[in-house]
Amino acid sequence: MPIKTAAAYIRVSTDDQLEYSPDSQIKKIKEYAKHNNIHISDEFIFLDEGISGRKAEKRPAFMKMIALAKTKPKPFDMILVWKFSRFARNREDSIVYKSMLRKQCGIDVVSISEQIGEDKTSILIEALLEAMDEYYSINLAEEVKRGMNEKFSRGGVVSQPPFGYKMGDDVFVPNEETAPIVKMIFEDYISGMGVRKIAMKLNEMGIRSTKGNPFENRTVEYILTNPTYLGKLRRNPNGRDSTDRFHQSEDTVIVDGQHHPIISEELFKKANDRLKEQKKKYVRHAQQKQADFMLRGLCRCSECGSTLVQAVKGKSLQCHKYSRGQCKTSHSVTIEKMNAAVIEKIKSDITQSNITFVARKAPATEVDNINAVLLEKEYKKLERVKEAFEAGIDTIEEYKMNKTRIQNRIAELETTIPQPSQEDMIENFKDKAKLVISKISSDGFEEDDKNAMLREIVSHITFDRKKMTIQIAYLSPL
């Protein structure tokens, strides 16, 4: 009997017992391989340890094994696992990867402890085993959640420490470096400094959040409303609600923790009382739906490159990052003034032929030339093969091969599309721009219609508040 080759895949999550340890799994797999005349090379042993198996993308060794399985010639004939649950706890993943391995690579997944036959009944048995494994995984998650809620109710830690704390022996411990910063944030706020000013101050000091990110308005507000700094803990027993950013839901439970507070109750109350008062002042504006405007998404800050967005009252524009405390320079300008400046700038540019074109990524779909339509499809293919590589579906070799093939096809198609001269492009653009100017200058169109018209000729507009100038990058005509 010829010797077959195999890969071994071992996965152990933190909830598994000793019988599923890496050593025990590989030992059993090697015993099975020896008994069945199967060779396993050390380089084909893949281990994901301490990782949940619900999603394949979260298992780096698994994804590496799948990528290797797709190489030619195939490196092994089968993949051996202790149980099917080690391969996947999710039926969707199991079906996708097993089908791909079997059909595209000629590689089967074999469970050494759940032997099934090769007849059609085995398909049902394998599906039943996988369904049971998935049920176990979901049930285990519910049990873990129940256990965490019980531990939390007794003041136990079930989350990562917030800014200002570090993890001690199953309890939060004030961080010597960042705890004083938390106190400074509270003191600055009750002294009259706003959350944006505090965020800018922290960023200028080079201080970063727990995740290493610059501070924003919401980061500061999150700290100001977090009762953890009083020695308490909070949790929503129903799970995290992405819409409840500051844990203000009525389902949120607050209990006494076992850690030392960083600030006093008096300081916390003063800060939150002021925060509530500030919110009352702006509630009228916050509830207003901001109207669409002609320059939506087109204007950029000259300092940081961020988009200028409507200010609170909807009558002016401001740098998005400045509003969040991440840009040092204000770019506040009224929408009315910016509209007029843009129209005059376009008129001036087309009169003086002072036009800077930004190439379009791909031809528009309305182009009649069939080659241009095909070219657009090739650009979309290029995006899809990149997504396939980033998702781990294609290997780097497959990605390079597909990318080269598509780029060659693009180059071939581009040579068949007649390109107008630079002079013709400018003249065509001027005619189009004049038509757009006449329409956006009138009162006969809605703001969103004007925005769509501008986007036909404008890529982006850079506003420099210090010099009070604007620069427009135009879209090259097709």
# chains A, B, ... in the order shown; residues from 1 in each chain; ligands from 1
$ closest_atom_pairs --of "stretch 254-324 of chain A" --to "stretch 194-217 of chain A" --cutoff "10 Å" --atoms "only C-alpha atoms" --output "JSON lines"
{"residue": "A:Leu275", "atom": "CA", "partner": "A:Val195", "partner_atom": "CA", "distance": 9.4}
{"residue": "A:Gln278", "atom": "CA", "partner": "A:Gly194", "partner_atom": "CA", "distance": 9.5}
{"residue": "A:Lys321", "atom": "CA", "partner": "A:Glu216", "partner_atom": "CA", "distance": 8.6}
{"residue": "A:Tyr322", "atom": "CA", "partner": "A:Arg196", "partner_atom": "CA", "distance": 8.3}
{"residue": "A:Ser323", "atom": "CA", "partner": "A:Arg196", "partner_atom": "CA", "distance": 6.9}
{"residue": "A:Arg324", "atom": "CA", "partner": "A:Glu216", "partner_atom": "CA", "distance": 5.0}
$ write_last_selection --atoms "N, CA, C and O atoms" --output "compact mmCIF listing (two decimals), in the first residue's frame"
# COMPACT_ATOMS: atom_id res chain seq x y z
N LEU A 275 -21.48 68.14 32.73
CA LEU A 275 -21.67 67.47 31.44
C LEU A 275 -23.15 67.47 31.05
O LEU A 275 -23.50 67.73 29.89
N GLN A 278 -24.17 70.99 29.97
CA GLN A 278 -23.66 71.30 28.63
C GLN A 278 -24.52 70.64 27.56
O GLN A 278 -24.80 71.24 26.52
N LYS A 321 -11.61 66.52 12.12
CA LYS A 321 -10.68 66.13 13.19
C LYS A 321 -10.50 67.24 14.22
O LYS A 321 -10.23 66.97 15.38
N TYR A 322 -10.63 68.50 13.80
CA TYR A 322 -10.54 69.60 14.76
C TYR A 322 -11.71 69.51 15.74
O TYR A 322 -11.54 69.71 16.95
N SER A 323 -12.88 69.17 15.23
CA SER A 323 -14.06 69.04 16.08
C SER A 323 -13.90 67.91 17.09
O SER A 323 -14.51 67.92 18.15
N ARG A 324 -13.05 66.92 16.75
CA ARG A 324 -12.82 65.79 17.65
C ARG A 324 -11.55 65.97 18.48
O ARG A 324 -11.16 65.08 19.22
$ residues_around --residues "stretch 224-237 of chain A" --least-positions-apart "3" --cutoff "10 Å" --atoms "only C-alpha atoms" --output "ChimeraX atom specification"
/A:145-146,148-150,152-153,155-159,161-165,172,174,179,182-183,185-186,189,195,218-221,240-241,246-269,271-272,275
$ closest_residue --among "A:His331, A:Gly106, A:Ser111, A:Phe445" --to "A:Thr71" --atoms "only C-alpha atoms"
A:Gly106
$ residues_around --residues "A:Ser113" --least-positions-apart "6" --cutoff "10 Å" --atoms "only C-alpha atoms" --output "CSV table (one decimal) with C-alpha atoms, in the first residue's frame"
chain,number,residue,atom,x,y,z
A,28,LYS,CA,-3.3,10.5,18.9
A,29,ILE,CA,-3.0,11.8,15.4
A,32,TYR,CA,-3.5,7.0,13.8
A,81,VAL,CA,-7.9,16.3,13.1
A,82,TRP,CA,-8.7,14.9,16.5
A,83,LYS,CA,-12.4,15.7,16.1
A,84,PHE,CA,-14.4,17.6,13.4
$ residues_around --residues "stretch 433-435 of chain A" --least-positions-apart "6" --cutoff "12 Å" --atoms "only C-alpha atoms" --output "list in words"
Ile343, Glu344, Lys345, Ile346, Lys347, Ser348, Asp349, Ile350, Thr351, Ser353, Ile355, Met425, Ile426, Glu427, Ser441, Ser442, Lys450, Met453, Leu454, Arg455, Glu456, Ile457, Val458, Tyr474, Leu475, Ser476 and Pro477 of chain A
$ atom_distance --atom1 "atom CA of A:Gly325" --atom2 "atom CA of A:Arg274"
19.4 Å
$ residues_around --residues "A:Phe44" --least-positions-apart "6" --cutoff "9 Å" --atoms "only C-alpha atoms" --output "list in words"
Ala6, Ala7, Ala8, Tyr9, Met65, Pro75 and Phe76 of chain A
$ atom_distance --atom1 "atom CA of A:Ala88" --atom2 "atom CA of A:Leu68"
17.9 Å
$ residues_around --residues "stretch 398-406 of chain A" --least-positions-apart "4" --cutoff "9 Å" --atoms "only C-alpha atoms" --output "VMD selection string"
chain A and resid 71 378 to 379 381 to 382 385 to 386 388 to 389 394 410 to 411
$ atom_distance --atom1 "atom CA of A:Glu303" --atom2 "atom CA of A:Phe463"
9.0 Å
$ select_by_dssp --residues "stretch 245-344 of chain A" --states "helix (DSSP H, G or I)" --output "PyMOL selection string"
chain A and resi 265-287+320-323+335-344
$ closest_residue --among "A:Gly305, A:Val12, A:Lys279, A:Met100" --to "A:Ser85" --atoms "only C-alpha atoms"
A:Val12
